[in-house]
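Visitor: File upload21.txt below, compact mmCIF, C-alpha atoms:
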# COMPACT_ATOMS: atom_id res chain seq x y z
CA MET D 1 0.42 -44.70 29.17
CA ILE D 2 1.90 -47.39 31.35
CA LEU D 3 0.04 -48.79 34.32
CA GLU D 4 2.31 -47.16 36.94
CA GLU D 5 1.79 -43.68 35.49
CA PHE D 6 -1.98 -44.16 35.43
CA ALA D 7 -1.92 -45.40 39.06
CA PHE D 8 0.18 -42.39 40.07
CA LEU D 9 -2.20 -39.94 38.37
CA VAL D 10 -5.21 -41.48 40.13
CA LEU D 11 -3.44 -41.50 43.53
CA ALA D 12 -2.21 -37.91 43.06
CA ALA D 13 -5.74 -36.72 42.19
CA VAL D 14 -7.16 -38.49 45.27
CA ALA D 15 -4.42 -36.95 47.46
CA VAL D 16 -5.17 -33.40 46.29
CA VAL D 17 -8.97 -33.82 46.55
CA THR D 18 -8.84 -35.37 50.05
CA ALA D 19 -6.36 -32.73 51.30
CA ILE D 20 -8.61 -29.90 50.08
CA SER D 21 -11.76 -31.60 51.42
CA SER D 22 -10.21 -32.14 54.85
CA LEU D 23 -9.63 -28.39 55.18
CA LEU D 24 -12.93 -27.21 53.71
CA VAL D 25 -15.60 -29.46 55.29
CA ARG D 26 -17.28 -27.90 58.32
CA GLU D 27 -17.71 -30.97 60.54
CA LEU D 28 -14.43 -31.82 62.28
CA VAL D 29 -15.14 -35.57 62.34
CA HIS D 30 -15.49 -35.53 58.55
CA THR D 31 -12.14 -33.71 58.42
CA ILE D 32 -10.55 -36.62 60.27
CA LEU D 33 -12.12 -39.12 57.87
CA TRP D 34 -10.81 -37.23 54.84
CA ILE D 35 -7.32 -36.88 56.32
CA ALA D 36 -7.27 -40.65 57.05
CA VAL D 37 -8.00 -41.32 53.37
CA PHE D 38 -5.22 -38.84 52.48
CA PHE D 39 -2.68 -40.69 54.66
CA VAL D 40 -3.64 -44.11 53.22
CA ASP D 41 -3.39 -42.65 49.71
CA LEU D 42 0.14 -41.32 50.39
CA SER D 43 1.06 -44.75 51.74
CA ALA D 44 -0.05 -46.25 48.41
CA ILE D 45 2.18 -43.72 46.59
CA TYR D 46 5.16 -44.87 48.73
CA PHE D 47 4.44 -48.48 47.74
CA LEU D 48 4.35 -47.31 44.11
CA LEU D 49 7.78 -45.71 44.66
CA GLU D 50 9.18 -49.09 45.78
CA ALA D 51 9.49 -47.89 49.39
CA PRO D 52 7.44 -50.54 51.26
CA PHE D 53 8.98 -49.79 54.66
CA LEU D 54 7.90 -46.15 54.49
CA GLY D 55 4.50 -47.22 53.20
CA VAL D 56 3.93 -49.42 56.24
CA LEU D 57 5.31 -46.70 58.52
CA GLN D 58 2.90 -44.18 56.97
CA LEU D 59 -0.02 -46.57 57.54
CA GLY D 60 0.95 -47.30 61.15
CA VAL D 61 2.03 -43.84 62.32
CA TYR D 62 -0.14 -41.48 60.27
CA ALA D 63 -3.25 -43.43 59.27
CA GLY D 64 -3.24 -45.18 62.65
CA ALA D 65 -1.72 -43.16 65.49
CA VAL D 66 -2.01 -39.55 64.28
CA THR D 67 -5.61 -40.01 63.09
CA VAL D 68 -6.68 -41.53 66.41
CA LEU D 69 -4.84 -38.77 68.34
CA LEU D 70 -6.63 -36.07 66.34
CA LEU D 71 -9.99 -37.82 66.85
CA PHE D 72 -9.22 -38.04 70.57
CA GLY D 73 -8.46 -34.30 70.58
CA ILE D 74 -11.90 -33.60 69.07
CA MET D 75 -13.68 -35.95 71.47
CA VAL D 76 -12.27 -34.36 74.63
CA THR D 77 -12.72 -30.74 73.56
CA ARG D 78 -16.35 -30.80 72.34
CA LYS D 79 -19.66 -31.58 73.96
CA ARG D 80 -21.11 -32.90 70.68
CA ILE D 81 -18.46 -34.21 68.34
CA PHE D 82 -20.63 -33.83 65.24
CA SER D 83 -21.24 -30.11 65.77
CA ARG D 84 -20.26 -27.84 62.90
CA GLU D 85 -17.48 -25.31 62.73
CA ALA D 86 -18.34 -21.71 61.95
CA ALA D 87 -17.43 -20.99 58.34
CA THR D 88 -14.23 -18.94 58.21
CA GLY D 89 -14.35 -18.37 54.45
CA ILE D 90 -11.56 -18.84 51.96
CA GLY D 91 -9.86 -15.43 51.96
CA ALA D 92 -8.37 -13.86 48.85
CA VAL D 93 -4.86 -13.22 50.21
CA PRO D 94 -4.18 -16.77 51.58
CA PHE D 95 -5.57 -18.27 48.37
CA ALA D 96 -3.34 -16.01 46.24
CA LEU D 97 -0.31 -16.87 48.41
CA ALA D 98 -1.01 -20.60 48.03
CA VAL D 99 -1.31 -20.24 44.24
CA VAL D 100 1.96 -18.23 44.08
CA THR D 101 3.71 -20.91 46.19
CA PHE D 102 2.45 -23.62 43.85
CA ILE D 103 3.51 -21.78 40.67
CA PHE D 104 6.93 -20.91 42.12
CA LEU D 105 7.63 -24.53 43.12
CA VAL D 106 6.37 -26.03 39.87
CA ALA D 107 8.54 -23.54 37.94
CA SER D 108 11.56 -25.11 39.63
CA VAL D 109 10.88 -28.32 37.67
CA GLY D 110 12.91 -26.77 34.82
CA GLU D 111 16.04 -27.18 36.97
CA PHE D 112 15.73 -30.99 36.89
CA PRO D 113 16.31 -33.43 34.03
CA GLN D 114 13.04 -33.85 32.14
CA GLY D 115 11.10 -36.99 31.27
CA SER D 116 10.46 -40.19 33.17
CA THR D 117 13.06 -41.48 35.56
CA GLY D 118 13.73 -44.97 36.80
CA ILE D 119 12.65 -45.76 40.34
CA HIS D 120 15.16 -47.97 42.14
CA ALA D 121 13.84 -50.71 44.39
CA TYR D 122 15.51 -51.29 47.77
CA ASP D 123 15.90 -54.25 50.03
CA PRO D 124 14.57 -53.10 53.45
CA SER D 125 17.64 -54.68 55.08
CA PHE D 126 19.87 -52.12 53.28
CA LEU D 127 17.58 -49.35 54.46
CA SER D 128 17.80 -50.51 58.08
CA GLU D 129 21.58 -50.77 57.81
CA ASN D 130 21.74 -47.21 56.49
CA LEU D 131 19.26 -45.99 59.09
CA PHE D 132 21.03 -47.50 62.09
CA ASN D 133 24.65 -47.08 60.99
CA VAL D 134 25.15 -44.09 58.68
CA ASN D 135 22.17 -42.06 59.95
CA GLY D 136 22.25 -43.42 63.50
CA PRO D 137 22.86 -39.96 65.08
CA TRP D 138 19.66 -38.63 63.49
CA LEU D 139 17.71 -41.53 64.95
CA LEU D 140 19.22 -40.83 68.37
CA LEU D 141 18.29 -37.14 67.99
CA LEU D 142 14.74 -38.21 67.11
CA GLY D 143 14.60 -40.33 70.27
CA LEU D 144 15.81 -37.43 72.43
CA ILE D 145 13.31 -35.02 70.86
CA MET D 146 10.48 -37.54 71.36
CA LEU D 147 11.50 -37.95 75.02
CA SER D 148 11.53 -34.20 75.60
CA ALA D 149 8.18 -33.93 73.74
CA VAL D 150 6.65 -36.48 76.13
CA GLY D 151 7.88 -34.38 79.08
CA GLY D 152 6.54 -31.20 77.47
CA ALA D 153 3.13 -32.73 76.70
CA ILE D 154 2.77 -34.04 80.28
CA TYR D 155 3.74 -30.59 81.62
CA LEU D 156 1.15 -28.93 79.39
CA VAL D 157 -1.81 -31.11 80.44
CA ARG D 158 -1.00 -31.78 84.08
CA GLU D 159 -3.60 -31.01 86.74
CA GLY D 160 -3.56 -27.82 88.81
CA ARG D 161 -1.95 -25.66 86.13
CA ASP D 162 -3.71 -22.47 85.02
CA MET N 1 12.45 -50.76 37.78
CA THR N 2 9.43 -48.45 37.51
CA ASP N 3 9.27 -45.29 35.38
CA LEU N 4 7.44 -42.30 36.84
CA PRO N 5 7.48 -38.63 35.68
CA ILE N 6 9.50 -36.20 37.80
CA VAL N 7 7.13 -33.33 36.88
CA GLY N 8 4.17 -35.17 38.40
CA PHE N 9 5.84 -35.70 41.76
CA VAL N 10 7.17 -32.14 42.05
CA ALA N 11 3.73 -30.78 41.07
CA LEU N 12 1.99 -33.05 43.60
CA SER N 13 4.26 -32.07 46.47
CA ALA N 14 4.06 -28.38 45.48
CA GLY N 15 0.26 -28.67 45.38
CA LEU N 16 0.13 -30.33 48.81
CA LEU N 17 2.43 -27.65 50.26
CA ALA N 18 0.21 -24.92 48.76
CA ILE N 19 -2.91 -26.56 50.26
CA GLY N 20 -1.14 -26.76 53.64
CA VAL N 21 -0.07 -23.09 53.49
CA PHE N 22 -3.63 -22.12 52.57
CA GLY N 23 -4.98 -24.11 55.53
CA ILE N 24 -2.47 -22.62 57.97
CA LEU N 25 -3.42 -19.09 56.88
CA THR N 26 -7.21 -19.50 56.85
CA ARG N 27 -8.26 -22.02 59.53
CA ARG N 28 -8.75 -20.79 63.12
CA ASN N 29 -9.44 -24.15 64.80
CA PHE N 30 -6.22 -25.51 66.35
CA ILE N 31 -6.91 -29.10 65.20
CA LEU N 32 -7.43 -27.92 61.61
CA LEU N 33 -4.16 -25.98 61.89
CA LEU N 34 -2.40 -29.19 62.98
CA ILE N 35 -3.91 -31.04 60.01
CA ALA N 36 -2.73 -28.29 57.61
CA ILE N 37 0.80 -28.55 59.06
CA GLU N 38 0.66 -32.35 58.63
CA ILE N 39 -0.29 -31.94 54.94
CA SER N 40 2.70 -29.61 54.43
CA MET N 41 5.06 -32.03 56.19
CA ASN N 42 3.77 -34.91 54.07
CA ALA N 43 4.61 -32.86 50.96
CA ALA N 44 8.22 -32.60 52.20
CA ILE N 45 8.39 -36.32 53.09
CA LEU N 46 7.05 -37.24 49.64
CA ASN N 47 9.90 -35.24 48.08
CA PHE N 48 12.49 -37.07 50.20
CA VAL N 49 11.06 -40.48 49.21
CA TYR N 50 10.75 -39.64 45.51
CA PHE N 51 14.21 -38.12 45.10
CA GLY N 52 15.67 -40.96 47.19
CA ALA N 53 14.17 -43.47 44.78
CA TYR N 54 15.24 -41.28 41.83
CA LEU N 55 18.91 -41.09 42.88
CA GLY N 56 19.33 -44.72 43.88
CA GLY N 57 22.36 -46.13 45.71
CA THR N 58 23.53 -44.73 49.05
CA PRO N 59 22.08 -41.19 48.53
CA GLY N 60 18.71 -42.78 47.83
CA LEU N 61 18.84 -44.83 51.01
CA THR N 62 19.81 -41.68 52.93
CA GLY N 63 16.74 -39.91 51.52
CA GLN N 64 14.47 -42.70 52.75
CA SER N 65 16.22 -42.72 56.15
CA ILE N 66 15.60 -38.97 56.51
CA ALA N 67 11.96 -39.59 55.56
CA VAL N 68 11.67 -42.17 58.38
CA VAL N 69 13.08 -39.65 60.88
CA LEU N 70 10.72 -36.94 59.56
CA VAL N 71 7.69 -39.22 60.09
CA GLY N 72 8.79 -39.54 63.73
CA PHE N 73 9.17 -35.75 64.04
CA ALA N 74 5.69 -35.22 62.60
CA ALA N 75 4.14 -37.68 65.07
CA THR N 76 5.94 -35.90 67.94
CA GLU N 77 4.65 -32.55 66.73
CA VAL N 78 1.06 -33.84 66.74
CA ALA N 79 1.46 -35.15 70.30
CA VAL N 80 2.75 -31.80 71.59
CA GLY N 81 0.12 -29.96 69.51
CA LEU N 82 -2.66 -31.97 71.15
CA GLY N 83 -1.16 -31.17 74.56
CA ILE N 84 -1.47 -27.48 73.62
CA VAL N 85 -5.06 -28.09 72.41
CA LEU N 86 -6.04 -29.63 75.76
CA ALA N 87 -4.33 -26.84 77.76
CA LEU N 88 -5.94 -24.15 75.57
CA ASN N 89 -9.37 -25.76 75.94
CA ARG N 90 -9.02 -25.86 79.73
CA VAL N 91 -7.83 -22.27 80.08
CA LYS N 92 -9.97 -20.55 77.41
CA GLY N 93 -12.86 -22.99 76.95
CA THR N 94 -12.26 -23.01 73.19
CA ILE N 95 -9.61 -24.19 70.72
CA ASN N 96 -9.96 -21.14 68.48
CA VAL N 97 -6.43 -19.74 68.08
CA GLU N 98 -7.77 -16.17 67.86
CA LYS N 99 -8.71 -16.40 71.56
CA ALA N 100 -5.12 -17.20 72.61
CA THR N 101 -3.75 -13.66 72.58
CA GLU N 102 -1.60 -13.43 75.75
CA LEU N 103 1.71 -13.67 73.88
CA ARG N 104 0.78 -11.00 71.31
CA LEU N 105 2.63 -7.68 71.39
Would you encode the structure as structure tokens?

Guide:
Amino acid sequence: MILEEFAFLVLAAVAVVTAISSLLVRELVHTILWIAVFFVDLSAIYFLLEAPFLGVLQLGVYAGAVTVLLLFGIMVTRKRIFSREAATGIGAVPFALAVVTFIFLVASVGEFPQGSTGIHAYDPSFLSENLFNVNGPWLLLLGLIMLSAVGGAIYLVREGRD
Amino acid sequence: MTDLPIVGFVALSAGLLAIGVFGILTRRNFILLLIAIEISMNAAILNFVYFGAYLGGTPGLTGQSIAVVLVGFAATEVAVGLGIVLALNRVKGTINVEKATELRL
């Protein structure tokens, strides 16, 4: 087994364990800690896939901004941030649906060519050229959606609204 | 060039999507719902990055560009979601989604 495959297996196991833990622990602050580890782990997978720009973006946006925003959401909505959630249980039907989703998606692997595939490395300058020229309209759309989201979020939390 | 198995990546992203679906269906706290949605979106972004690297050339770069845009969408969704959390907490005094029933038929 080559080193990259071993690293991927370890990172994939950590990703699955941290994702499950973040949804099953009962203290919300611990959830945030687990999800931060999950985001950093995915960033490492992007570095493994020779996508350093996305790895850094994942670290900055997810492990940094989104984690702090979620922590902020917990801090302003609870009197004691370390209080526990009531256990909601696992539920047979959601668990079965998740298992069926997993089996259905993994079964689609047969549609692809089997075996290991080469991962192509990119120069980030080519990525930026593609992002700002070929896919420029999508970036503009993202900017417009972010602008409207800022307006929507301010409208939602403004004072004097019941 | 690195060699990585396609089965492993598809299984990982399918597993993350399944965990996200499970979280969306079982959790009642709005912040936990947001986290479950984030896990599902990360499964999709991982697919875009992997198949972008797998294809190579211009299609591969397009896959990574779409992944960059998706990361921005996900961050926007969290910002609006937290706006809803704050509004729900002020109106209902809780962020349990079972208490927000005004729009139900």

Visitor: N:Gly23: which residues within 12 Å, counting only C-alpha atoms, same-chain residues fewer than 6 positions away excluded, as a ChimeraX atom specification?

Guide: /D:19-25,88-91,94-95,97-98 /N:16-17,29-40

Visitor: Produce a file of the selected residues containing C-alpha atoms, as a compact mmCIF listing (two decimals), keeping the file's coordinate frame.

Guide:
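Full text of result.txt as output:
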# COMPACT_ATOMS: atom_id res chain seq x y z
CA ALA D 19 -6.36 -32.73 51.30
CA ILE D 20 -8.61 -29.90 50.08
CA SER D 21 -11.76 -31.60 51.42
CA SER D 22 -10.21 -32.14 54.85
CA LEU D 23 -9.63 -28.39 55.18
CA LEU D 24 -12.93 -27.21 53.71
CA VAL D 25 -15.60 -29.46 55.29
CA THR D 88 -14.23 -18.94 58.21
CA GLY D 89 -14.35 -18.37 54.45
CA ILE D 90 -11.56 -18.84 51.96
CA GLY D 91 -9.86 -15.43 51.96
CA PRO D 94 -4.18 -16.77 51.58
CA PHE D 95 -5.57 -18.27 48.37
CA LEU D 97 -0.31 -16.87 48.41
CA ALA D 98 -1.01 -20.60 48.03
CA LEU N 16 0.13 -30.33 48.81
CA LEU N 17 2.43 -27.65 50.26
CA ASN N 29 -9.44 -24.15 64.80
CA PHE N 30 -6.22 -25.51 66.35
CA ILE N 31 -6.91 -29.10 65.20
CA LEU N 32 -7.43 -27.92 61.61
CA LEU N 33 -4.16 -25.98 61.89
CA LEU N 34 -2.40 -29.19 62.98
CA ILE N 35 -3.91 -31.04 60.01
CA ALA N 36 -2.73 -28.29 57.61
CA ILE N 37 0.80 -28.55 59.06
CA GLU N 38 0.66 -32.35 58.63
CA ILE N 39 -0.29 -31.94 54.94
CA SER N 40 2.70 -29.61 54.43

Visitor: Return as an NGL selection string the residues belonging to chain D that are within 7 Å of chain N, counting all atoms listed in the file.

Guide: :D and (5 or 12 or 16 or 20 or 23 or 49 or 54 or 66 or 73 or 77 or 88 or 90-91 or 94-95 or 98-99 or 101-102 or 105-106 or 109 or 115-121 or 127 or 130-131 or 139 or 142 or 146 or 149 or 153 or 156-157 or 162)

Visitor: Between D:Leu28, D:Ala44, D:Ser148, D:Ala36, which has the minimum distance to D:Arg80 (counting all atoms listed in the file)?

Guide: D:Leu28

Visitor: Can you tell me, as an MDAnalysis selection string, which residues sit within 12 Å of (-3.3, -43.1, 64.7) in the file's frame, using only C-alpha atoms?

Guide: (chainID D and resid 32:33 35:36 39:40 57:73) or (chainID N and resid 75 78:79)

Visitor: Grab the atom CA of D:Ile74 to atom CA of D:Trp34 distance for me, in Å with one decimal place.

Guide: 14.7 Å

Visitor: So how far away is atom CA of D:Ala92 from atom CA of N:Glu102, in Å?

Guide: 27.7 Å

Visitor: If you measure from atom CA of D:Arg26 to atom CA of D:Leu42, what distance in Å do you get, rounded to one decimal?

Guide: 23.4 Å

Visitor: So for stretch 11-18 of chain N, what box centre and size do we get, axis-aligned, 8 Å extra on each of the six sides, every listed atom, Å to one decimal, as AutoDock Vina command-line options?

Guide:
--center_x 2.2 --center_y -29.0 --center_z 45.7 --size_x 20.1 --size_y 24.1 --size_z 25.2

Visitor: So that I can check the surroundings of D:Ala7, please list as a ChimeraX atom specification every protein, DNA and RNA residue that reaches within 9 Å of it, counting only C-alpha atoms and ignoring chain neighbours fewer than 5 positions away.

Guide: /D:2,12,45,48
